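What follows is the content of coords_31.txt, which has compact mmCIF, C-alpha atoms:
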```
# COMPACT_ATOMS: atom_id res chain seq x y z
CA MET A 279 -205.78 189.82 43.27
CA THR A 280 -203.23 187.72 41.43
CA ASP A 281 -203.12 184.15 42.70
CA ILE A 282 -199.38 183.55 42.25
CA SER A 283 -196.43 185.45 40.82
CA ALA A 284 -192.65 185.40 41.02
CA ILE A 285 -189.67 187.74 41.06
CA ASP A 286 -186.34 186.51 39.72
CA LEU A 287 -183.16 187.74 41.40
CA PHE A 288 -179.89 187.41 39.39
CA CYS A 289 -182.19 186.91 36.39
CA GLY A 290 -179.53 187.13 33.69
CA ALA A 291 -180.83 186.55 30.15
CA GLY A 292 -183.98 184.96 31.53
CA GLY A 293 -183.50 181.18 31.48
CA LEU A 294 -185.18 180.54 34.84
CA THR A 295 -187.87 183.15 34.17
CA HIS A 296 -188.66 181.67 30.75
CA GLY A 297 -189.04 178.21 32.27
CA LEU A 298 -191.41 179.45 34.97
CA ILE A 299 -193.51 181.35 32.42
CA ASN A 300 -193.65 178.29 30.15
CA VAL A 301 -195.41 176.28 32.86
CA GLY A 302 -197.78 179.05 33.87
CA ILE A 303 -196.10 181.03 36.65
CA PRO A 304 -196.08 184.77 35.87
CA VAL A 305 -192.74 186.46 36.54
CA LEU A 306 -193.38 190.10 37.32
CA ALA A 307 -189.77 191.27 37.23
CA GLY A 308 -186.15 190.25 37.11
CA PHE A 309 -183.21 191.96 38.79
CA ASP A 310 -179.62 191.85 37.56
CA ILE A 311 -176.58 194.08 37.69
CA ASP A 312 -175.68 193.51 34.01
CA PRO A 313 -177.50 195.96 31.69
CA THR A 314 -177.01 193.72 28.63
CA CYS A 315 -179.50 191.31 30.19
CA LYS A 316 -182.33 193.77 29.61
CA TYR A 317 -182.85 193.04 25.91
CA PRO A 318 -183.06 189.22 26.08
CA PHE A 319 -184.98 189.26 29.35
CA GLU A 320 -187.70 191.67 28.24
CA THR A 321 -187.84 190.70 24.56
CA ASN A 322 -188.49 187.03 25.26
CA ASN A 323 -190.54 187.31 28.44
CA ASP A 324 -193.56 189.30 29.53
CA SER A 325 -191.58 190.68 32.48
CA LYS A 326 -189.84 193.86 33.54
CA PHE A 327 -186.06 194.02 33.84
CA ILE A 328 -184.60 196.12 36.65
CA CYS A 329 -180.88 196.81 36.55
CA LYS A 330 -179.94 196.92 40.21
CA ASP A 331 -177.36 195.38 42.51
CA ILE A 332 -179.00 193.00 44.97
CA ARG A 333 -177.09 194.73 47.78
CA GLU A 334 -179.10 197.87 47.01
CA ILE A 335 -182.53 196.21 46.84
CA ILE A 336 -184.80 196.99 49.76
CA PRO A 337 -188.02 195.17 50.75
CA ASP A 338 -190.21 197.97 49.39
CA ASP A 339 -188.73 197.39 45.92
CA LEU A 340 -190.10 193.86 45.89
CA ASN A 341 -193.33 194.47 47.77
CA GLU A 342 -194.28 197.22 45.33
CA ILE A 343 -193.91 194.71 42.49
CA TYR A 344 -195.80 191.91 44.20
CA LYS A 345 -198.59 194.28 45.31
CA GLU A 346 -201.62 192.10 46.10
CA THR A 347 -200.20 188.79 44.89
CA ARG A 348 -201.71 186.04 47.02
CA ILE A 349 -198.76 183.61 46.88
CA LYS A 350 -195.39 185.30 46.46
CA ILE A 351 -192.52 183.36 44.91
CA LEU A 352 -188.90 184.54 45.05
CA VAL A 353 -186.33 182.70 42.92
CA GLY A 354 -182.75 183.24 41.94
CA CYS A 355 -179.34 181.84 41.09
CA ALA A 356 -176.58 183.77 42.84
CA PRO A 357 -173.33 183.87 40.82
CA CYS A 358 -171.79 180.43 41.10
CA GLN A 359 -168.17 181.27 40.27
CA PRO A 360 -166.98 181.52 43.91
CA PHE A 361 -168.18 177.96 44.60
CA SER A 362 -167.36 176.26 41.32
CA LYS A 363 -164.83 173.42 41.31
CA HIS A 364 -162.84 175.44 38.78
CA THR A 365 -162.05 178.04 41.47
CA GLN A 366 -161.63 175.79 44.50
CA LYS A 367 -157.86 176.21 44.50
CA GLN A 368 -158.01 180.00 44.44
CA LYS A 369 -157.04 181.73 47.66
CA ASN A 370 -159.16 184.35 49.42
CA ARG A 371 -162.31 183.55 47.44
CA GLU A 372 -164.32 184.50 50.51
CA LYS A 373 -163.10 188.07 50.14
CA GLY A 374 -164.40 188.39 46.57
CA SER A 375 -167.37 190.62 45.80
CA LYS A 376 -169.58 187.70 44.74
CA TRP A 377 -169.03 185.45 47.76
CA ASN A 378 -171.62 187.11 49.99
CA LEU A 379 -174.40 187.51 47.43
CA LEU A 380 -176.19 184.40 48.68
CA ASN A 381 -176.51 186.13 52.05
CA GLU A 382 -178.09 189.11 50.28
CA PHE A 383 -180.67 186.74 48.81
CA LEU A 384 -181.24 185.42 52.35
CA ARG A 385 -181.60 188.97 53.69
CA LEU A 386 -184.45 189.69 51.29
CA VAL A 387 -186.16 186.38 52.05
CA LYS A 388 -186.07 187.13 55.78
CA GLU A 389 -187.31 190.69 55.27
CA ILE A 390 -190.24 190.10 52.89
CA LYS A 391 -191.01 186.47 53.79
CA PRO A 392 -192.19 185.21 50.39
CA ASP A 393 -194.41 182.14 50.55
CA ILE A 394 -192.11 180.08 48.32
CA VAL A 395 -188.41 180.40 47.49
CA SER A 396 -186.15 178.57 45.09
CA MET A 397 -182.40 178.81 44.72
CA GLU A 398 -180.27 177.10 42.06
CA ASN A 399 -176.48 176.89 42.03
CA VAL A 400 -173.49 174.61 41.47
CA SER A 401 -173.59 171.44 43.54
CA GLU A 402 -170.28 172.36 45.19
CA LEU A 403 -172.07 175.12 47.10
CA ALA A 404 -173.42 172.50 49.52
CA LYS A 405 -169.89 172.00 50.89
CA TYR A 406 -169.62 175.51 52.30
CA SER A 407 -170.75 177.02 55.59
CA ILE A 408 -172.47 179.89 53.76
CA PHE A 409 -174.96 177.37 52.37
CA GLU A 410 -175.38 175.65 55.73
CA ASN A 411 -176.24 179.05 57.20
CA PHE A 412 -178.66 179.71 54.32
CA VAL A 413 -180.48 176.43 55.01
CA SER A 414 -180.61 176.80 58.79
CA SER A 415 -181.83 180.40 58.53
CA LEU A 416 -184.65 179.42 56.18
CA LYS A 417 -185.72 176.66 58.56
CA ASN A 418 -185.63 179.10 61.48
CA ASN A 419 -187.90 181.41 59.49
CA GLY A 420 -190.55 178.77 58.99
CA TYR A 421 -189.63 177.26 55.64
CA ASN A 422 -190.07 173.59 54.80
CA LEU A 423 -187.10 172.71 52.59
CA SER A 424 -186.23 170.30 49.83
CA VAL A 425 -182.55 170.31 48.80
CA ASN A 426 -181.63 168.29 45.73
CA ARG A 427 -178.59 167.48 43.63
CA VAL A 428 -180.08 167.40 40.15
CA PHE A 429 -178.40 165.47 37.34
CA CYS A 430 -179.75 167.41 34.40
CA PRO A 431 -180.17 164.56 31.84
CA ASN A 432 -182.69 162.99 34.23
CA TYR A 433 -184.99 165.89 33.36
CA GLY A 434 -184.47 166.07 29.60
CA ILE A 435 -181.65 168.62 29.71
CA PRO A 436 -178.96 167.59 27.18
CA GLN A 437 -175.98 168.36 29.41
CA ASN A 438 -173.94 166.20 31.77
CA ARG A 439 -174.20 168.76 34.53
CA THR A 440 -175.28 168.51 38.14
CA ARG A 441 -176.92 171.44 39.89
CA LEU A 442 -178.06 172.16 43.42
CA VAL A 443 -181.75 173.06 43.59
CA LEU A 444 -183.36 174.25 46.80
CA LEU A 445 -187.11 174.65 47.22
CA GLY A 446 -188.62 176.21 50.32
CA SER A 447 -192.19 176.88 51.36
CA ARG A 448 -193.88 178.48 54.36
CA LEU A 449 -197.14 176.81 53.29
CA GLY A 450 -196.19 173.19 53.86
CA GLU A 451 -194.02 170.35 52.60
CA ILE A 452 -192.55 170.86 49.15
CA LYS A 453 -190.57 168.52 46.96
CA LEU A 454 -188.89 168.47 43.58
CA LEU A 455 -190.53 166.82 40.60
CA GLU A 456 -189.43 163.20 40.13
CA PRO A 457 -187.02 162.57 37.21
CA THR A 458 -188.74 162.51 33.84
CA HIS A 459 -186.12 160.66 31.77
CA SER A 460 -184.41 157.31 32.20
CA LYS A 461 -180.85 156.80 30.97
CA GLU A 462 -182.21 155.26 27.77
CA GLU A 463 -184.28 158.41 27.21
CA TYR A 464 -181.53 161.00 27.72
CA VAL A 465 -181.61 163.79 25.16
CA LYS A 466 -178.53 163.65 22.93
CA VAL A 467 -176.50 166.38 21.28
CA LYS A 468 -177.69 165.32 17.82
CA ASP A 469 -181.31 165.65 18.95
CA ILE A 470 -180.71 169.34 19.71
CA ILE A 471 -178.22 170.64 17.16
CA GLY A 472 -178.16 167.94 14.49
CA ASN A 473 -180.40 169.77 12.04
CA LEU A 474 -178.85 173.24 12.17
CA PRO A 475 -177.34 174.69 8.98
CA HIS A 476 -173.76 173.63 8.35
CA ILE A 477 -171.23 176.43 8.99
CA ALA A 478 -167.46 176.52 8.98
CA ALA A 479 -165.21 178.00 11.64
CA GLY A 480 -165.54 181.78 11.54
CA GLU A 481 -168.84 181.71 9.62
CA THR A 482 -172.35 182.91 10.47
CA ALA A 483 -175.51 181.30 9.15
CA GLN A 484 -177.53 183.63 6.93
CA SER A 485 -180.75 182.48 8.59
CA ASP A 486 -179.63 183.12 12.17
CA PRO A 487 -177.03 185.69 13.33
CA LEU A 488 -176.54 183.75 16.58
CA HIS A 489 -175.54 180.62 14.70
CA ARG A 490 -171.94 181.71 14.35
CA SER A 491 -168.70 180.05 15.30
CA PRO A 492 -165.34 181.70 16.03
CA THR A 493 -162.37 181.27 13.75
CA LEU A 494 -159.73 178.66 14.53
CA SER A 495 -156.00 179.16 14.15
CA PRO A 496 -154.27 176.89 11.61
CA LEU A 497 -152.83 174.87 14.49
CA ASN A 498 -156.21 174.39 16.15
CA MET A 499 -157.75 173.46 12.81
CA GLN A 500 -155.21 170.65 12.54
CA ARG A 501 -156.02 169.62 16.10
CA ILE A 502 -159.77 169.46 15.65
CA LYS A 503 -159.40 167.47 12.45
CA GLN A 504 -157.55 164.85 14.47
CA SER A 505 -159.99 164.98 17.38
CA LYS A 506 -162.43 162.11 17.90
CA PRO A 507 -165.87 162.39 19.53
CA ASN A 508 -165.36 162.04 23.31
CA GLY A 509 -161.65 161.63 22.64
CA THR A 510 -158.73 163.62 24.04
CA TRP A 511 -155.63 165.43 22.83
CA ARG A 512 -153.88 162.08 23.15
CA ASP A 513 -155.44 161.24 19.77
CA TRP A 514 -153.28 163.88 18.05
CA ASP A 515 -149.89 163.63 16.42
CA SER A 516 -147.22 164.58 18.95
CA SER A 517 -146.32 167.66 16.87
CA LEU A 518 -149.71 169.18 17.74
CA LEU A 519 -149.37 168.91 21.51
CA ASN A 520 -148.96 171.94 23.77
CA LYS A 521 -146.09 171.98 26.25
CA CYS A 522 -148.64 171.68 29.06
CA HIS A 523 -149.92 168.41 27.59
CA LYS A 524 -146.47 166.89 28.00
CA LYS A 525 -146.27 167.82 31.67
CA LYS A 526 -147.53 165.46 34.35
CA SER A 527 -150.10 168.07 35.45
CA GLY A 528 -151.51 168.22 31.93
CA SER A 529 -152.89 164.71 32.21
CA SER A 530 -155.62 166.05 34.52
CA TYR A 531 -157.33 167.92 31.68
CA PRO A 532 -157.98 165.35 28.92
CA SER A 533 -161.13 167.06 27.64
CA VAL A 534 -159.42 170.36 26.76
CA TYR A 535 -159.45 170.81 22.97
CA GLY A 536 -161.92 167.91 22.77
CA ARG A 537 -164.74 167.09 20.39
CA MET A 538 -168.11 166.21 21.93
CA SER A 539 -170.11 163.18 20.92
CA GLU A 540 -173.45 163.52 19.16
CA GLU A 541 -174.67 160.29 20.78
CA SER A 542 -174.78 161.56 24.38
CA PRO A 543 -175.63 164.72 26.33
CA SER A 544 -173.07 167.50 25.98
CA PRO A 545 -170.53 168.59 28.57
CA THR A 546 -171.62 171.37 30.92
CA ILE A 547 -172.15 174.55 28.93
CA THR A 548 -169.92 177.21 30.50
CA THR A 549 -169.46 180.87 29.63
CA GLN A 550 -166.61 179.81 27.31
CA PHE A 551 -168.42 177.03 25.47
CA PHE A 552 -167.62 178.66 22.11
CA CYS A 553 -163.86 178.29 22.74
CA TYR A 554 -162.47 175.06 21.37
CA GLY A 555 -159.56 175.13 23.80
CA THR A 556 -161.50 175.44 27.07
CA GLY A 557 -163.22 172.05 27.17
CA ARG A 558 -164.82 169.40 24.99
CA PHE A 559 -166.53 172.06 22.92
CA GLY A 560 -165.56 170.93 19.44
CA HIS A 561 -168.56 170.24 17.22
CA PRO A 562 -169.20 166.48 16.97
CA ALA A 563 -168.96 166.35 13.16
CA GLN A 564 -167.86 169.75 11.80
CA ASP A 565 -164.32 171.11 12.17
CA ARG A 566 -165.15 174.04 14.45
CA ALA A 567 -166.18 175.00 17.96
CA LEU A 568 -169.82 175.22 18.97
CA SER A 569 -171.79 178.14 17.67
CA LEU A 570 -173.52 180.53 20.04
CA ARG A 571 -176.94 179.22 18.97
CA GLU A 572 -175.85 175.65 19.61
CA GLY A 573 -174.81 176.58 23.14
CA ALA A 574 -178.16 178.30 23.71
CA LEU A 575 -180.07 175.26 22.44
CA LEU A 576 -178.09 172.95 24.70
CA GLN A 577 -179.08 175.31 27.52
CA THR A 578 -182.65 174.50 26.34
CA PHE A 579 -183.45 178.01 25.19
CA PRO A 580 -185.99 177.79 22.33
CA PRO A 581 -184.66 178.32 18.78
CA HIS A 582 -186.32 181.74 18.50
CA TYR A 583 -184.84 183.17 21.72
CA LYS A 584 -183.18 186.52 21.02
CA PHE A 585 -180.08 187.57 22.93
CA PHE A 586 -179.30 190.85 21.18
CA ASN A 587 -180.93 193.39 18.89
CA GLN A 588 -179.44 192.45 15.55
CA GLU A 589 -180.52 195.75 14.01
CA LYS A 590 -178.56 197.79 16.54
CA ASP A 591 -175.99 195.62 18.25
CA MET A 592 -173.50 192.88 17.52
CA LEU A 593 -172.31 191.73 20.89
CA SER A 594 -168.97 189.96 21.22
CA PHE A 595 -168.61 186.21 21.54
CA LYS A 596 -167.46 186.78 25.11
CA LYS A 597 -170.52 188.82 26.08
CA LEU A 598 -173.01 186.48 24.42
CA GLY A 599 -171.22 183.43 25.78
CA THR A 600 -171.54 184.90 29.27
CA LEU A 601 -175.27 185.54 28.84
CA ILE A 602 -175.86 182.01 27.58
CA GLY A 603 -173.43 180.10 29.79
CA ASN A 604 -174.48 181.81 33.02
CA ALA A 605 -178.17 181.10 32.44
CA VAL A 606 -180.24 178.55 34.30
CA PRO A 607 -181.31 176.01 31.65
CA VAL A 608 -184.87 176.82 30.63
CA ARG A 609 -185.94 173.22 31.15
CA LEU A 610 -184.63 173.31 34.72
CA GLY A 611 -186.73 176.43 35.25
CA GLU A 612 -189.73 174.44 34.04
CA VAL A 613 -188.94 171.64 36.50
CA VAL A 614 -188.78 174.14 39.36
CA GLY A 615 -192.04 175.71 38.19
CA ILE A 616 -193.88 172.40 37.90
CA SER A 617 -192.64 171.44 41.37
CA ILE A 618 -194.04 174.69 42.79
CA LEU A 619 -197.38 174.30 41.01
CA ASN A 620 -197.72 170.70 42.20
CA HIS A 621 -197.02 171.90 45.74
CA ILE A 622 -199.70 174.59 45.54
CA LYS A 623 -202.23 172.22 44.03
CA ARG A 624 -201.66 169.70 46.81
CA LEU A 625 -202.27 172.39 49.38
CA ASP A 626 -205.30 173.70 47.49
CA TYR A 627 -204.30 177.29 48.18
CA CYS A 628 -205.42 178.67 44.86
CA HIS A 629 -206.72 177.71 41.44
CA VAL A 630 -203.89 177.11 38.98
```

Show me, as structure tokens, the structure contained in the file I just sent.
Amino acid sequence: MTDISAIDLFCGAGGLTHGLINVGIPVLAGFDIDPTCKYPFETNNDSKFICKDIREIIPDDLNEIYKETRIKILVGCAPCQPFSKHTQKQKNREKGSKWNLLNEFLRLVKEIKPDIVSMENVSELAKYSIFENFVSSLKNNGYNLSVNRVFCPNYGIPQNRTRLVLLGSRLGEIKLLEPTHSKEEYVKVKDIIGNLPHIAAGETAQSDPLHRSPTLSPLNMQRIKQSKPNGTWRDWDSSLLNKCHKKKSGSSYPSVYGRMSEESPSPTITTQFFCYGTGRFGHPAQDRALSLREGALLQTFPPHYKFFNQEKDMLSFKKLGTLIGNAVPVRLGEVVGISILNHIKRLDYCHV
């Protein structure tokens, strides 16, 4: 009998799974609807990838994987786009295909009753009734809950991002690991990407096919040359401004076309982190946008993590950016895993 093991729903490229495995929690399988997740998930983790829509998963699918596991853990990060602040002004979001996926996660929890559950998402999710229902339903099904807004730099993650992390246990009280880093100890951009090979816009490092940056138009090259770390487009000559910058509404987006600072954590890594024009994603010292590898490192994936088979495939920036930007930071997965292990040790349910 296996003491503990986990299954990862919405596993993506394996950020959460990799974090759990790093701290000693076996992940038996990951489910995701995107087939391009299979290579990074299975290549970097001793786990099986199953390409299946969560709406089609039945309890037997999971129970067959868990088999005789003593303590069953179910984790996942439902797609966050419907709840992100970037989509709050969109109408009819509740009618989108991704809105109800959290309820599908809840359905499986209620049907198989894992001993421990963890759910990670954008902090804005806590504002919506769908999350209130998720929490109340877990409580009604016997789960002790810990719901936390996690500021990632407090745990050694080099991004100024805040995430919602829920932990639930049918075994007893559970709580999230206390912060591991003070403000003076925050991991900075230069600590993570400062020693990578120098590349220009549009180039790929010979030593690493993922360390590649997209080309910049002549206009954007002029803009980034005039961009200051943590500055805004207001630092540019007026001839370089877009029409939108000159409108009153444009003042609400000062970080667009920005250059990040090497002396602080990075902005939140999104699925478009490699695009200079979508946020403060300009390299702090080189005249280019972030490379794909730099985004992965800021997501705390290890330097050797493989996202595509370089002998067979060359995925687009968009596809790779989606795999990397949608991932749960590996370090956050470790924090969740340590919290679970500490909980089990306190209860003395098994030897770990």

Legend entry - Residues within 7 Å of (-177.3, 164.8, 37.6), counting all atoms listed in the file, listed as a ChimeraX atom specification: /A:427-432,438-440

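Relative to atom CA of Lys584 of chain A, atom CA of Asn322 of chain A is found at 6.8 Å.
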
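Between atom CA of Ser617 of chain A and atom CA of Arg348 of chain A the separation is 18.1 Å.
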
Inset, instruction - Extract, using only C-alpha atoms, all DNA, RNA and protein residues at most 7 Å from segment 327-329 of chain A, discarding same-chain residues fewer than 6 positions from it, and format them as a ChimeraX atom specification. - result: /A:307-313,316,319-320

Inset, instruction - Give the answer as one residue: which of A:Ala574, A:Leu494, A:Val400, A:Ile435 has the shortest atom-to-atom distance to Thr458 of chain A, using all atoms listed in the file? - result: A:Ile435

Legend entry - Atom pair atom CA of Pro562 of chain A / atom CA of His582 of chain A: separation (Å): 23.0 Å

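If you measure from each of A:Ile303, A:Leu379, A:Ile335, A:Ala563 to Asn473 of chain A using all atoms listed in the file, the closest one turns out to be A:Ala563.
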
Inset, instruction - List the neighbours of Gly472 of chain A out to 10 Å using all atoms listed in the file; skip same-chain residues closer than 3 positions along the sequence, and give me the result as a VMD selection string. - result: chain A and resid 466 to 469 475 to 476 540 562 to 563 572

Legend entry - Residue neighbourhood segment 286-302 of chain A, 9 Å, all atoms listed in the file, exclusion window fewer than 5 positions, as an MDAnalysis selection string: chainID A and resid 307:312 314:320 322:325 327 331:332 351:357 383 577:579 585 601:602 604:616 619 630

Incomplete segment 554-570 of chain A brought to N, CA and C atoms, written out as an mmCIF file, in the frame of the given file:
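Full text of part-v9.cif as output:
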```cif
data_model
loop_
_atom_site.group_PDB
_atom_site.id
_atom_site.type_symbol
_atom_site.label_atom_id
_atom_site.label_comp_id
_atom_site.auth_asym_id
_atom_site.auth_seq_id
_atom_site.Cartn_x
_atom_site.Cartn_y
_atom_site.Cartn_z
ATOM 1 N N TYR A 554 -162.892 176.436 21.564
ATOM 2 C CA TYR A 554 -162.470 175.060 21.370
ATOM 3 C C TYR A 554 -161.468 174.602 22.420
ATOM 4 N N GLY A 555 -160.634 175.509 22.906
ATOM 5 C CA GLY A 555 -159.560 175.130 23.800
ATOM 6 C C GLY A 555 -159.905 175.101 25.281
ATOM 7 N N THR A 556 -161.171 175.351 25.647
ATOM 8 C CA THR A 556 -161.500 175.440 27.070
ATOM 9 C C THR A 556 -162.276 174.223 27.587
ATOM 10 N N GLY A 557 -162.486 173.238 26.743
ATOM 11 C CA GLY A 557 -163.220 172.050 27.170
ATOM 12 C C GLY A 557 -163.523 171.190 25.961
ATOM 13 N N ARG A 558 -164.442 170.234 26.117
ATOM 14 C CA ARG A 558 -164.820 169.400 24.990
ATOM 15 C C ARG A 558 -165.937 170.106 24.225
ATOM 16 N N PHE A 559 -165.559 171.210 23.600
ATOM 17 C CA PHE A 559 -166.530 172.060 22.920
ATOM 18 C C PHE A 559 -166.358 172.062 21.406
ATOM 19 N N GLY A 560 -165.618 171.092 20.883
ATOM 20 C CA GLY A 560 -165.560 170.930 19.440
ATOM 21 C C GLY A 560 -166.853 170.309 18.943
ATOM 22 N N HIS A 561 -167.346 170.792 17.796
ATOM 23 C CA HIS A 561 -168.560 170.240 17.220
ATOM 24 C C HIS A 561 -168.354 168.744 16.954
ATOM 25 N N PRO A 562 -169.398 167.918 17.127
ATOM 26 C CA PRO A 562 -169.200 166.480 16.970
ATOM 27 C C PRO A 562 -168.843 166.028 15.563
ATOM 28 N N ALA A 563 -169.215 166.799 14.530
ATOM 29 C CA ALA A 563 -168.960 166.350 13.160
ATOM 30 C C ALA A 563 -168.271 167.396 12.294
ATOM 31 N N GLN A 564 -168.451 168.686 12.602
ATOM 32 C CA GLN A 564 -167.860 169.750 11.800
ATOM 33 C C GLN A 564 -166.576 170.248 12.457
ATOM 34 N N ASP A 565 -165.636 170.704 11.659
ATOM 35 C CA ASP A 565 -164.320 171.110 12.170
ATOM 36 C C ASP A 565 -164.382 172.555 12.675
ATOM 37 N N ARG A 566 -164.992 172.726 13.834
ATOM 38 C CA ARG A 566 -165.150 174.040 14.450
ATOM 39 C C ARG A 566 -165.612 173.872 15.890
ATOM 40 N N ALA A 567 -165.606 174.988 16.618
ATOM 41 C CA ALA A 567 -166.180 175.000 17.960
ATOM 42 C C ALA A 567 -167.699 175.173 17.845
ATOM 43 N N LEU A 568 -168.380 174.999 18.948
ATOM 44 C CA LEU A 568 -169.820 175.220 18.970
ATOM 45 C C LEU A 568 -170.157 176.644 18.563
ATOM 46 N N SER A 569 -171.291 176.800 17.932
ATOM 47 C CA SER A 569 -171.790 178.140 17.670
ATOM 48 C C SER A 569 -172.528 178.653 18.897
ATOM 49 N N LEU A 570 -172.776 179.942 18.927
ATOM 50 C CA LEU A 570 -173.520 180.530 20.040
ATOM 51 C C LEU A 570 -174.937 179.963 20.107
#
```
